[in-house]
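*Asks:* Provided below: run_38.pdb, containing PDB, C-alpha atoms.
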```pdb
MODEL        1
ATOM      1  CA  MET A 235      -9.793 -10.954 -61.479
ATOM      2  CA  MET A 236      -9.814  -7.345 -60.362
ATOM      3  CA  LYS A 237     -12.597  -8.122 -57.909
ATOM      4  CA  HIS A 238     -10.623 -11.068 -56.502
ATOM      5  CA  ARG A 239      -7.540  -8.864 -56.078
ATOM      6  CA  LEU A 240      -9.565  -6.160 -54.319
ATOM      7  CA  ILE A 241     -11.020  -8.713 -51.918
ATOM      8  CA  SER A 242      -7.498 -10.037 -51.204
ATOM      9  CA  TRP A 243      -6.245  -6.537 -50.383
ATOM     10  CA  LEU A 244      -9.237  -5.863 -48.156
ATOM     11  CA  LEU A 245      -8.700  -9.152 -46.316
ATOM     12  CA  LEU A 246      -5.003  -8.315 -45.916
ATOM     13  CA  ILE A 247      -5.786  -4.857 -44.494
ATOM     14  CA  ILE A 248      -8.415  -6.273 -42.133
ATOM     15  CA  SER A 249      -6.086  -9.041 -40.943
ATOM     16  CA  LEU A 250      -3.234  -6.531 -40.362
ATOM     17  CA  THR A 251      -5.589  -4.267 -38.428
ATOM     18  CA  LEU A 252      -6.765  -7.171 -36.288
ATOM     19  CA  THR A 253      -3.181  -8.373 -35.731
ATOM     20  CA  ILE A 254      -2.071  -4.908 -34.628
ATOM     21  CA  GLY A 255      -5.062  -4.729 -32.265
ATOM     22  CA  VAL A 256      -4.246  -8.143 -30.760
ATOM     23  CA  VAL A 257      -0.570  -7.181 -30.262
ATOM     24  CA  ARG A 258      -1.559  -3.906 -28.570
ATOM     25  CA  SER A 259      -3.979  -5.749 -26.302
ATOM     26  CA  TRP A 260      -1.267  -8.271 -25.429
ATOM     27  CA  PHE A 261       1.184  -5.509 -24.422
ATOM     28  CA  SER A 262      -1.581  -3.724 -22.514
ATOM     29  CA  LEU A 263      -2.311  -6.891 -20.542
ATOM     30  CA  GLY A 264       1.386  -7.262 -19.762
ATOM     31  CA  LYS A 265       1.511  -3.717 -18.383
ATOM     32  CA  GLN A 266      -1.643  -4.285 -16.359
ATOM     33  CA  GLY A 267      -0.088  -7.442 -14.921
ATOM     34  CA  ASP A 268       2.892  -5.364 -13.769
ATOM     35  CA  ILE A 269       0.545  -2.836 -12.195
ATOM     36  CA  ILE A 270      -1.255  -5.628 -10.363
ATOM     37  CA  LYS A 271       2.046  -7.051  -9.086
ATOM     38  CA  GLN A 272       3.099  -3.628  -7.804
ATOM     39  CA  ALA A 273      -0.268  -3.174  -6.102
ATOM     40  CA  GLU A 274       0.034  -6.597  -4.440
ATOM     41  CA  GLU A 275       3.538  -5.768  -3.187
ATOM     42  CA  LYS A 276       2.300  -2.438  -1.824
ATOM     43  CA  LEU A 277      -0.608  -4.240  -0.150
ATOM     44  CA  GLN A 278       1.778  -6.680   1.543
ATOM     45  CA  GLU A 279       3.943  -3.800   2.793
ATOM     46  CA  GLU A 280       0.916  -1.978   4.176
ATOM     47  CA  GLU A 281      -0.367  -5.142   5.856
ATOM     48  CA  GLU A 282       3.039  -5.595   7.529
ATOM     49  CA  LYS A 283       2.933  -1.975   8.724
ATOM     50  CA  GLN A 284      -0.554  -2.573  10.087
ATOM     51  CA  ARG A 285       0.603  -5.685  11.987
ATOM     52  CA  GLU A 286       3.527  -3.717  13.441
ATOM     53  CA  LEU A 287       1.233  -0.875  14.496
ATOM     54  CA  LYS A 288      -1.143  -3.363  16.141
ATOM     55  CA  ARG A 289       1.801  -4.844  18.065
ATOM     56  CA  GLN A 290       2.852  -1.368  19.194
ATOM     57  CA  LEU A 291      -0.718  -0.522  20.191
ATOM     58  CA  ALA A 292      -0.998  -3.692  22.258
ATOM     59  CA  GLN A 293       2.295  -2.854  23.959
ATOM     60  CA  VAL A 294       1.269   0.753  24.677
ATOM     61  CA  GLU A 295      -2.089  -0.321  26.089
ATOM     62  CA  SER A 296      -0.513  -2.833  28.473
ATOM     63  CA  PRO A 297      -0.649  -1.919  32.183
ATOM     64  CA  ALA A 298       3.109  -2.394  32.586
ATOM     65  CA  TYR A 299       3.831   0.187  29.873
ATOM     66  CA  ILE A 300       1.325   2.658  31.285
ATOM     67  CA  GLU A 301       2.887   2.308  34.759
ATOM     68  CA  LYS A 302       6.406   2.733  33.341
ATOM     69  CA  GLU A 303       5.441   5.898  31.457
ATOM     70  CA  ALA A 304       3.648   7.303  34.506
ATOM     71  CA  ARG A 305       6.758   6.738  36.605
ATOM     72  CA  ASN A 306       9.244   8.088  34.068
ATOM     73  CA  LYS A 307       7.445  10.986  32.430
ATOM     74  CA  LEU A 308       4.936  12.091  35.042
ATOM     75  CA  ASN A 309       7.077  11.326  38.114
ATOM     76  CA  LEU A 310       4.253   9.354  39.670
ATOM     77  CA  GLY A 311       4.616   6.431  42.029
ATOM     78  CA  LYS A 312       2.525   3.845  43.830
ATOM     79  CA  GLU A 313       0.903   4.513  47.173
ATOM     80  CA  GLY A 314       3.399   4.238  49.988
ATOM     81  CA  GLU A 315       6.449   4.718  47.785
ATOM     82  CA  THR A 316       8.918   7.466  48.546
ATOM     83  CA  ALA A 317      10.421   9.455  45.709
ATOM     84  CA  LEU A 318      14.153  10.025  45.917
ATOM     85  CA  ILE A 319      15.499  13.037  44.038
ATOM     86  CA  LEU A 320      19.268  13.130  43.728
ATOM     87  CA  PRO A 321      21.162  16.400  43.307
ATOM     88  CA  SER A 322      22.883  17.003  40.027
ATOM     89  CA  ILE A 323      26.432  15.686  39.920
ATOM     90  CA  LEU A 324      27.964  18.274  37.640
ATOM     91  CA  PRO A 325      28.874  21.595  39.241
ATOM     92  CA  ILE A 326      27.478  24.685  37.635
ATOM     93  CA  ALA A 327      30.159  26.224  35.435
ATOM     94  CA  ARG A 328      30.562  29.945  35.831
ATOM     95  CA  PRO A 329      32.976  31.968  33.718
ATOM     96  CA  ILE A 330      35.891  33.497  35.571
ATOM     97  CA  PRO A 331      36.649  37.003  34.386
ATOM     98  CA  THR A 332      40.266  37.547  33.345
ATOM     99  CA  THR A 333      42.005  40.813  32.697
ATOM    100  CA  PRO A 334      43.819  41.097  29.390
ATOM    101  CA  ASP A 335      47.593  41.397  29.530
ATOM    102  CA  LYS A 336      48.480  44.894  28.328
ATOM    103  CA  SER A 337      52.227  44.432  28.276
ATOM    104  CA  SER A 338      54.136  44.703  25.016
ATOM    105  CA  ASN A 339      54.550  41.713  22.729
ATOM    106  CA  TRP A 340      58.267  41.184  23.414
ATOM    107  CA  LYS A 341      57.507  40.915  27.164
ATOM    108  CA  LYS A 342      54.767  38.352  26.451
ATOM    109  CA  TRP A 343      57.232  36.302  24.386
ATOM    110  CA  LEU A 344      59.806  36.549  27.151
ATOM    111  CA  LYS A 345      57.241  35.254  29.692
ATOM    112  CA  LEU A 346      56.314  32.426  27.393
ATOM    113  CA  PHE A 347      59.876  31.124  26.975
ATOM    114  CA  TYR A 348      61.337  31.957  30.408
TER
ENDMDL
END
```
What do you get writing this file as structure tokens?
*Replies:*
Amino acid sequence: MMKHRLISWLLLIISLTLTIGVVRSWFSLGKQGDIIKQAEEKLQEEEEKQRELKRQLAQVESPAYIEKEARNKLNLGKEGETALILPSILPIARPIPTTPDKSSNWKKWLKLFY
């Protein structure tokens, strides 16, 4: 009877150990599934960025863009074209020196009101 009881306890301990191991593995797989989902989302974002960069590269390499940048930034033009440079519209502001009023305060107040 004692031997049968000992075997029962051993089987119970082994089954509990196996159950705990299976539960841990199950939670571990759930976490790994979340990690995989996050990695897939990150991959999709990076692929979208790559597509956008390819679109920008195609646009920058186009002859129309190169010509536009050469005209705007390098002030270049086609053969036979005449460049027209307009003068600036805003006048140059120069400070006008003023002399401080050295009269007494009551005279300044009198000037202000009358």
*Asks:* Would you mind reading off the distance between atom CA of Lys307 of chain A and atom CA of Gln290 of chain A, one decimal, in Å?
*Replies:*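 Separation of atom CA of Lys307 of chain A and atom CA of Gln290 of chain A: 18.7 Å.
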*Asks:* Between atom CA of Leu346 of chain A and atom CA of Pro334 of chain A, what is the distance, to one decimal in Å?
*Replies:*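 Distance reported for this atom pair: 15.3 Å.
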*Asks:* Rounded to one decimal place, report the atom CA of Leu250 of chain A-atom CA of Lys265 of chain A distance in Å.
*Replies:* 22.7 Å
*Asks:* Padding 4 Å on every side, please: axis-aligned box over the listed atoms of segment 251-254 of chain A, centre and edge lengths to one decimal in Å, as AutoDock Vina command-line options.
*Replies:*
```
--center_x -4.4 --center_y -6.3 --center_z -36.5 --size_x 12.7 --size_y 12.1 --size_z 11.8
```
*Asks:* Copy segment 253-313 of chain A out of the block into a file, keeping C-alpha atoms, as a tab-separated table (two decimals), in the first residue's frame.
*Replies:*
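So the final result, stored in part-v6.tsv, reads:
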```tsv
chain	number	residue	atom	x	y	z
A	253	THR	CA	1.57	20.74	-16.76
A	254	ILE	CA	3.57	23.73	-15.53
A	255	GLY	CA	6.04	23.23	-18.40
A	256	VAL	CA	3.22	23.07	-20.97
A	257	VAL	CA	1.59	26.24	-19.56
A	258	ARG	CA	4.92	28.11	-19.66
A	259	SER	CA	5.51	26.99	-23.23
A	260	TRP	CA	2.00	28.12	-24.18
A	261	PHE	CA	2.58	31.62	-22.74
A	262	SER	CA	6.01	31.74	-24.38
A	263	LEU	CA	4.47	30.95	-27.76
A	264	GLY	CA	1.88	33.68	-27.22
A	265	LYS	CA	4.63	36.22	-26.53
A	266	GLN	CA	6.60	35.07	-29.55
A	267	GLY	CA	3.48	35.48	-31.68
A	268	ASP	CA	3.23	39.09	-30.50
A	269	ILE	CA	6.88	39.64	-31.35
A	270	ILE	CA	6.29	38.23	-34.83
A	271	LYS	CA	3.27	40.51	-35.34
A	272	GLN	CA	5.30	43.55	-34.30
A	273	ALA	CA	8.12	42.54	-36.64
A	274	GLU	CA	5.65	42.12	-39.53
A	275	GLU	CA	4.16	45.56	-38.85
A	276	LYS	CA	7.64	47.10	-38.74
A	277	LEU	CA	8.48	45.32	-42.01
A	278	GLN	CA	5.38	46.76	-43.68
A	279	GLU	CA	6.28	50.27	-42.48
A	280	GLU	CA	9.82	49.93	-43.78
A	281	GLU	CA	8.60	48.60	-47.12
A	282	GLU	CA	6.29	51.63	-47.44
A	283	LYS	CA	9.21	53.94	-46.65
A	284	GLN	CA	11.28	52.16	-49.29
A	285	ARG	CA	8.52	52.60	-51.90
A	286	GLU	CA	8.27	56.31	-51.03
A	287	LEU	CA	12.04	56.73	-51.30
A	288	LYS	CA	12.03	54.97	-54.69
A	289	ARG	CA	9.30	57.36	-55.87
A	290	GLN	CA	11.35	60.34	-54.68
A	291	LEU	CA	14.47	58.96	-56.35
A	292	ALA	CA	12.64	58.52	-59.64
A	293	GLN	CA	11.36	62.09	-59.39
A	294	VAL	CA	14.81	63.51	-58.56
A	295	GLU	CA	16.44	61.62	-61.42
A	296	SER	CA	13.93	62.90	-63.98
A	297	PRO	CA	15.27	65.42	-66.52
A	298	ALA	CA	12.51	67.92	-65.71
A	299	TYR	CA	13.52	68.00	-62.03
A	300	ILE	CA	17.21	68.33	-62.85
A	301	GLU	CA	16.46	71.24	-65.21
A	302	LYS	CA	14.24	72.93	-62.60
A	303	GLU	CA	16.91	72.65	-59.90
A	304	ALA	CA	19.60	73.92	-62.28
A	305	ARG	CA	17.47	76.95	-63.10
A	306	ASN	CA	16.43	77.72	-59.52
A	307	LYS	CA	19.50	76.92	-57.46
A	308	LEU	CA	22.37	77.31	-59.89
A	309	ASN	CA	20.88	80.18	-61.93
A	310	LEU	CA	21.52	78.31	-65.15
A	311	GLY	CA	19.50	78.58	-68.32
A	312	LYS	CA	19.25	77.06	-71.78
A	313	GLU	CA	21.33	78.27	-74.68
```
